[in-house]
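K.L.:
This is the content of query00.pdb (PDB, C-alpha atoms, pLDDT in the B column):
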ATOM      1  CA  MET A 296      75.024  89.915 247.872  1.00 65.00           C
ATOM      2  CA  ALA A 297      73.098  87.442 250.038  1.00 68.00           C
ATOM      3  CA  ASP A 298      76.291  85.472 250.672  1.00 78.00           C
ATOM      4  CA  THR A 299      78.031  88.599 251.935  1.00 78.00           C
ATOM      5  CA  LEU A 300      75.127  89.400 254.232  1.00 74.00           C
ATOM      6  CA  ASP A 301      75.096  85.831 255.587  1.00 76.00           C
ATOM      7  CA  LEU A 302      78.835  86.011 256.250  1.00 72.00           C
ATOM      8  CA  MET A 303      78.404  89.305 258.072  1.00 77.00           C
ATOM      9  CA  LYS A 304      75.609  87.855 260.220  1.00 80.00           C
ATOM     10  CA  LYS A 305      77.707  84.780 261.031  1.00 84.00           C
ATOM     11  CA  GLY A 306      80.662  87.005 261.894  1.00 84.00           C
ATOM     12  CA  ALA A 307      78.501  89.087 264.214  1.00 86.00           C
ATOM     13  CA  LEU A 308      77.180  85.929 265.864  1.00 89.00           C
ATOM     14  CA  VAL A 309      80.691  84.594 266.397  1.00 91.00           C
ATOM     15  CA  GLU A 310      81.720  87.929 267.918  1.00 94.00           C
ATOM     16  CA  LYS A 311      78.758  87.817 270.305  1.00 93.00           C
ATOM     17  CA  GLN A 312      79.572  84.237 271.290  1.00 94.00           C
ATOM     18  CA  GLU A 313      83.203  85.140 271.929  1.00 96.00           C
ATOM     19  CA  ARG A 314      82.168  88.188 273.958  1.00 96.00           C
ATOM     20  CA  PHE A 315      79.760  86.031 275.982  1.00 96.00           C
ATOM     21  CA  ARG A 316      82.509  83.501 276.757  1.00 97.00           C
ATOM     22  CA  ALA A 317      84.818  86.342 277.773  1.00 97.00           C
ATOM     23  CA  LEU A 318      82.130  87.711 280.088  1.00 97.00           C
ATOM     24  CA  LEU A 319      81.667  84.309 281.726  1.00 96.00           C
ATOM     25  CA  ILE A 320      85.401  84.165 282.393  1.00 97.00           C
ATOM     26  CA  LYS A 321      85.306  87.720 283.775  1.00 95.00           C
ATOM     27  CA  ILE A 322      82.385  86.809 286.071  1.00 95.00           C
ATOM     28  CA  ASP A 323      84.303  83.803 287.359  1.00 94.00           C
ATOM     29  CA  GLN A 324      87.387  85.944 287.988  1.00 91.00           C
ATOM     30  CA  LEU A 325      85.383  88.645 289.766  1.00 90.00           C
ATOM     31  CA  ILE A 326      83.709  86.126 292.050  1.00 89.00           C
ATOM     32  CA  GLU A 327      87.065  84.568 292.838  1.00 86.00           C
ATOM     33  CA  ASN A 328      88.615  87.970 293.520  1.00 80.00           C
ATOM     34  CA  ILE A 329      85.727  88.950 295.740  1.00 80.00           C
ATOM     35  CA  SER A 330      85.922  85.778 297.781  1.00 79.00           C
ATOM     36  CA  VAL A 331      89.709  85.791 298.060  1.00 71.00           C
ATOM     37  CA  SER A 332      90.546  89.469 298.381  1.00 66.00           C
ATOM     38  CA  THR A 333      87.526  91.412 299.487  1.00 63.00           C
ATOM     39  CA  PHE A 334      85.981  89.159 302.085  1.00 62.00           C
ATOM     40  CA  ARG A 335      89.027  87.438 303.485  1.00 64.00           C
ATOM     41  CA  LEU A 336      89.342  88.071 307.177  1.00 61.00           C
ATOM     42  CA  ARG A 337      92.801  88.886 308.345  1.00 62.00           C
ATOM     43  CA  ASP A 338      93.421  87.653 311.860  1.00 60.00           C
ATOM     44  CA  ASP A 339      89.682  87.664 312.593  1.00 66.00           C
ATOM     45  CA  ASP A 340      89.686  91.424 312.115  1.00 70.00           C
ATOM     46  CA  LEU A 341      86.420  92.665 310.586  1.00 73.00           C
ATOM     47  CA  ASP A 342      88.028  96.056 310.026  1.00 74.00           C
ATOM     48  CA  SER A 343      90.162  94.437 307.325  1.00 72.00           C
ATOM     49  CA  ILE A 344      87.011  94.243 305.184  1.00 74.00           C
ATOM     50  CA  LYS A 345      86.569  97.674 303.651  1.00 75.00           C
ATOM     51  CA  ASP A 346      83.005  98.588 302.758  1.00 80.00           C
ATOM     52  CA  GLU A 347      84.085 100.569 299.707  1.00 83.00           C
ATOM     53  CA  HIS A 348      85.953  97.548 298.332  1.00 80.00           C
ATOM     54  CA  VAL A 349      82.925  95.330 298.835  1.00 80.00           C
ATOM     55  CA  CYS A 350      80.634  97.840 297.110  1.00 86.00           C
ATOM     56  CA  GLN A 351      83.063  98.400 294.248  1.00 87.00           C
ATOM     57  CA  ALA A 352      83.524  94.680 293.624  1.00 86.00           C
ATOM     58  CA  ALA A 353      79.791  94.036 293.806  1.00 88.00           C
ATOM     59  CA  GLN A 354      79.049  96.904 291.409  1.00 93.00           C
ATOM     60  CA  GLU A 355      81.542  95.628 288.855  1.00 94.00           C
ATOM     61  CA  LEU A 356      80.122  92.120 289.124  1.00 95.00           C
ATOM     62  CA  ARG A 357      76.599  93.498 288.698  1.00 96.00           C
ATOM     63  CA  GLN A 358      77.581  95.393 285.543  1.00 97.00           C
ATOM     64  CA  VAL A 359      79.240  92.367 283.982  1.00 97.00           C
ATOM     65  CA  LEU A 360      76.278  90.132 284.891  1.00 97.00           C
ATOM     66  CA  THR A 361      73.850  92.610 283.323  1.00 97.00           C
ATOM     67  CA  GLU A 362      75.850  92.688 280.099  1.00 97.00           C
ATOM     68  CA  ALA A 363      76.194  88.892 280.032  1.00 97.00           C
ATOM     69  CA  ARG A 364      72.464  88.329 280.599  1.00 97.00           C
ATOM     70  CA  LYS A 365      71.589  90.758 277.808  1.00 96.00           C
ATOM     71  CA  LEU A 366      73.998  89.053 275.449  1.00 95.00           C
ATOM     72  CA  GLN A 367      72.708  85.625 276.438  1.00 96.00           C
ATOM     73  CA  LYS A 368      69.163  86.677 275.503  1.00 95.00           C
ATOM     74  CA  GLU A 369      70.407  87.937 272.140  1.00 92.00           C
ATOM     75  CA  LEU A 370      72.162  84.647 271.461  1.00 92.00           C
ATOM     76  CA  GLU A 371      69.116  82.596 272.455  1.00 92.00           C
ATOM     77  CA  GLY A 372      66.624  84.622 270.455  1.00 80.00           C
TER      78      GLY A 372
END
Can the structure in the file be given as structure tokens, please?
P.N.:
Amino acid sequence: MADTLDLMKKGALVEKQERFRALLIKIDQLIENISVSTFRLRDDDLDSIKDEHVCQAAQELRQVLTEARKLQKELEG
């Protein structure tokens, strides 16, 4: 019984570690997308930067960062 419980705990830990790595990749992709797509000036035209796109991208990044930080604390503790 203890062996089964240990295996389940290890499996849950591995899942958390995999999820954390996936979140780090997602954060990297979001930052890249923000810098390339959202904030790129087209012909020095500030109107090409849409406020709603900036807010949407920042909100998604914030959500992913919050989840990643929570998961990081779980993995450390």
K.L.:
Rounded to one decimal place, report the atom CA of A:Gln312-atom CA of A:Gln367 distance in Å.
P.N.:
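That distance, rounded to one decimal, is 8.7 Å.
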K.L.:
Atom CA of A:Ile326 and atom CA of A:Ala353 are how many Å apart?
P.N.:
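According to the coordinates, atom CA of A:Ile326 and atom CA of A:Ala353 are separated by 9.0 Å.
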K.L.:
Applied to the shown file, which residues does the PyMOL selection byres ((chain A and resi 355-362) around 10) return, written as an NGL selection string?
P.N.:
:A and (314-315 or 318-319 or 321-326 or 329 or 350-354 or 363-367)
K.L.:
Mind giving me the straight-line distance from atom CA of A:Val349 to atom CA of A:Asn328 in Å, one decimal?
P.N.:
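Taking atom CA of A:Val349 and atom CA of A:Asn328, their separation equals 10.7 Å.
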K.L.:
Is it possible to get the axis-aligned box enclosing stretch 306-323 of chain A (all listed atoms, 6 Å extra per side) as lines of an AutoDock Vina configuration file, with centre and edge lengths in Å rounded to one decimal?
P.N.:
center_x = 81.3
center_y = 86.3
center_z = 274.6
size_x = 20.2
size_y = 17.6
size_z = 37.5
K.L.:
Have stretch 346-359 of chain A completed to N, CA, C and O atoms, please, and pass it along as a PDB file, in the coordinates of the input.
P.N.:
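Output (rebuild.pdb):
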ATOM      1  N   ASP A 346      84.314  98.473 303.393  1.00 80.00           N
ATOM      2  CA  ASP A 346      83.005  98.588 302.758  1.00 80.00           C
ATOM      3  C   ASP A 346      83.097  99.072 301.316  1.00 80.00           C
ATOM      4  O   ASP A 346      82.400  98.567 300.437  1.00 80.00           O
ATOM      5  N   GLU A 347      83.975 100.028 301.069  1.00 83.00           N
ATOM      6  CA  GLU A 347      84.085 100.569 299.707  1.00 83.00           C
ATOM      7  C   GLU A 347      84.602  99.515 298.728  1.00 83.00           C
ATOM      8  O   GLU A 347      84.208  99.486 297.566  1.00 83.00           O
ATOM      9  N   HIS A 348      85.458  98.613 299.205  1.00 80.00           N
ATOM     10  CA  HIS A 348      85.953  97.548 298.332  1.00 80.00           C
ATOM     11  C   HIS A 348      84.849  96.546 298.023  1.00 80.00           C
ATOM     12  O   HIS A 348      84.730  96.052 296.898  1.00 80.00           O
ATOM     13  N   VAL A 349      84.047  96.247 299.025  1.00 80.00           N
ATOM     14  CA  VAL A 349      82.925  95.330 298.835  1.00 80.00           C
ATOM     15  C   VAL A 349      81.943  95.921 297.831  1.00 80.00           C
ATOM     16  O   VAL A 349      81.512  95.249 296.888  1.00 80.00           O
ATOM     17  N   CYS A 350      81.591  97.179 298.010  1.00 86.00           N
ATOM     18  CA  CYS A 350      80.634  97.840 297.110  1.00 86.00           C
ATOM     19  C   CYS A 350      81.180  97.943 295.690  1.00 86.00           C
ATOM     20  O   CYS A 350      80.454  97.712 294.723  1.00 86.00           O
ATOM     21  N   GLN A 351      82.438  98.276 295.558  1.00 87.00           N
ATOM     22  CA  GLN A 351      83.063  98.400 294.248  1.00 87.00           C
ATOM     23  C   GLN A 351      83.082  97.055 293.529  1.00 87.00           C
ATOM     24  O   GLN A 351      82.741  96.962 292.348  1.00 87.00           O
ATOM     25  N   ALA A 352      83.469  96.013 294.226  1.00 86.00           N
ATOM     26  CA  ALA A 352      83.524  94.680 293.624  1.00 86.00           C
ATOM     27  C   ALA A 352      82.128  94.204 293.238  1.00 86.00           C
ATOM     28  O   ALA A 352      81.927  93.639 292.154  1.00 86.00           O
ATOM     29  N   ALA A 353      81.165  94.448 294.095  1.00 88.00           N
ATOM     30  CA  ALA A 353      79.791  94.036 293.806  1.00 88.00           C
ATOM     31  C   ALA A 353      79.222  94.812 292.623  1.00 88.00           C
ATOM     32  O   ALA A 353      78.527  94.241 291.776  1.00 88.00           O
ATOM     33  N   GLN A 354      79.531  96.089 292.525  1.00 93.00           N
ATOM     34  CA  GLN A 354      79.049  96.904 291.409  1.00 93.00           C
ATOM     35  C   GLN A 354      79.636  96.426 290.084  1.00 93.00           C
ATOM     36  O   GLN A 354      78.925  96.314 289.090  1.00 93.00           O
ATOM     37  N   GLU A 355      80.912  96.117 290.082  1.00 94.00           N
ATOM     38  CA  GLU A 355      81.542  95.628 288.855  1.00 94.00           C
ATOM     39  C   GLU A 355      80.941  94.287 288.443  1.00 94.00           C
ATOM     40  O   GLU A 355      80.640  94.060 287.260  1.00 94.00           O
ATOM     41  N   LEU A 356      80.737  93.411 289.413  1.00 95.00           N
ATOM     42  CA  LEU A 356      80.122  92.120 289.124  1.00 95.00           C
ATOM     43  C   LEU A 356      78.708  92.311 288.584  1.00 95.00           C
ATOM     44  O   LEU A 356      78.318  91.662 287.609  1.00 95.00           O
ATOM     45  N   ARG A 357      77.966  93.213 289.159  1.00 96.00           N
ATOM     46  CA  ARG A 357      76.599  93.498 288.698  1.00 96.00           C
ATOM     47  C   ARG A 357      76.590  93.981 287.251  1.00 96.00           C
ATOM     48  O   ARG A 357      75.761  93.555 286.435  1.00 96.00           O
ATOM     49  N   GLN A 358      77.503  94.864 286.911  1.00 97.00           N
ATOM     50  CA  GLN A 358      77.581  95.393 285.543  1.00 97.00           C
ATOM     51  C   GLN A 358      77.904  94.289 284.541  1.00 97.00           C
ATOM     52  O   GLN A 358      77.298  94.211 283.475  1.00 97.00           O
ATOM     53  N   VAL A 359      78.847  93.448 284.888  1.00 97.00           N
ATOM     54  CA  VAL A 359      79.240  92.367 283.982  1.00 97.00           C
ATOM     55  C   VAL A 359      78.097  91.356 283.845  1.00 97.00           C
ATOM     56  O   VAL A 359      77.818  90.865 282.746  1.00 97.00           O
TER      57      VAL A 359
END
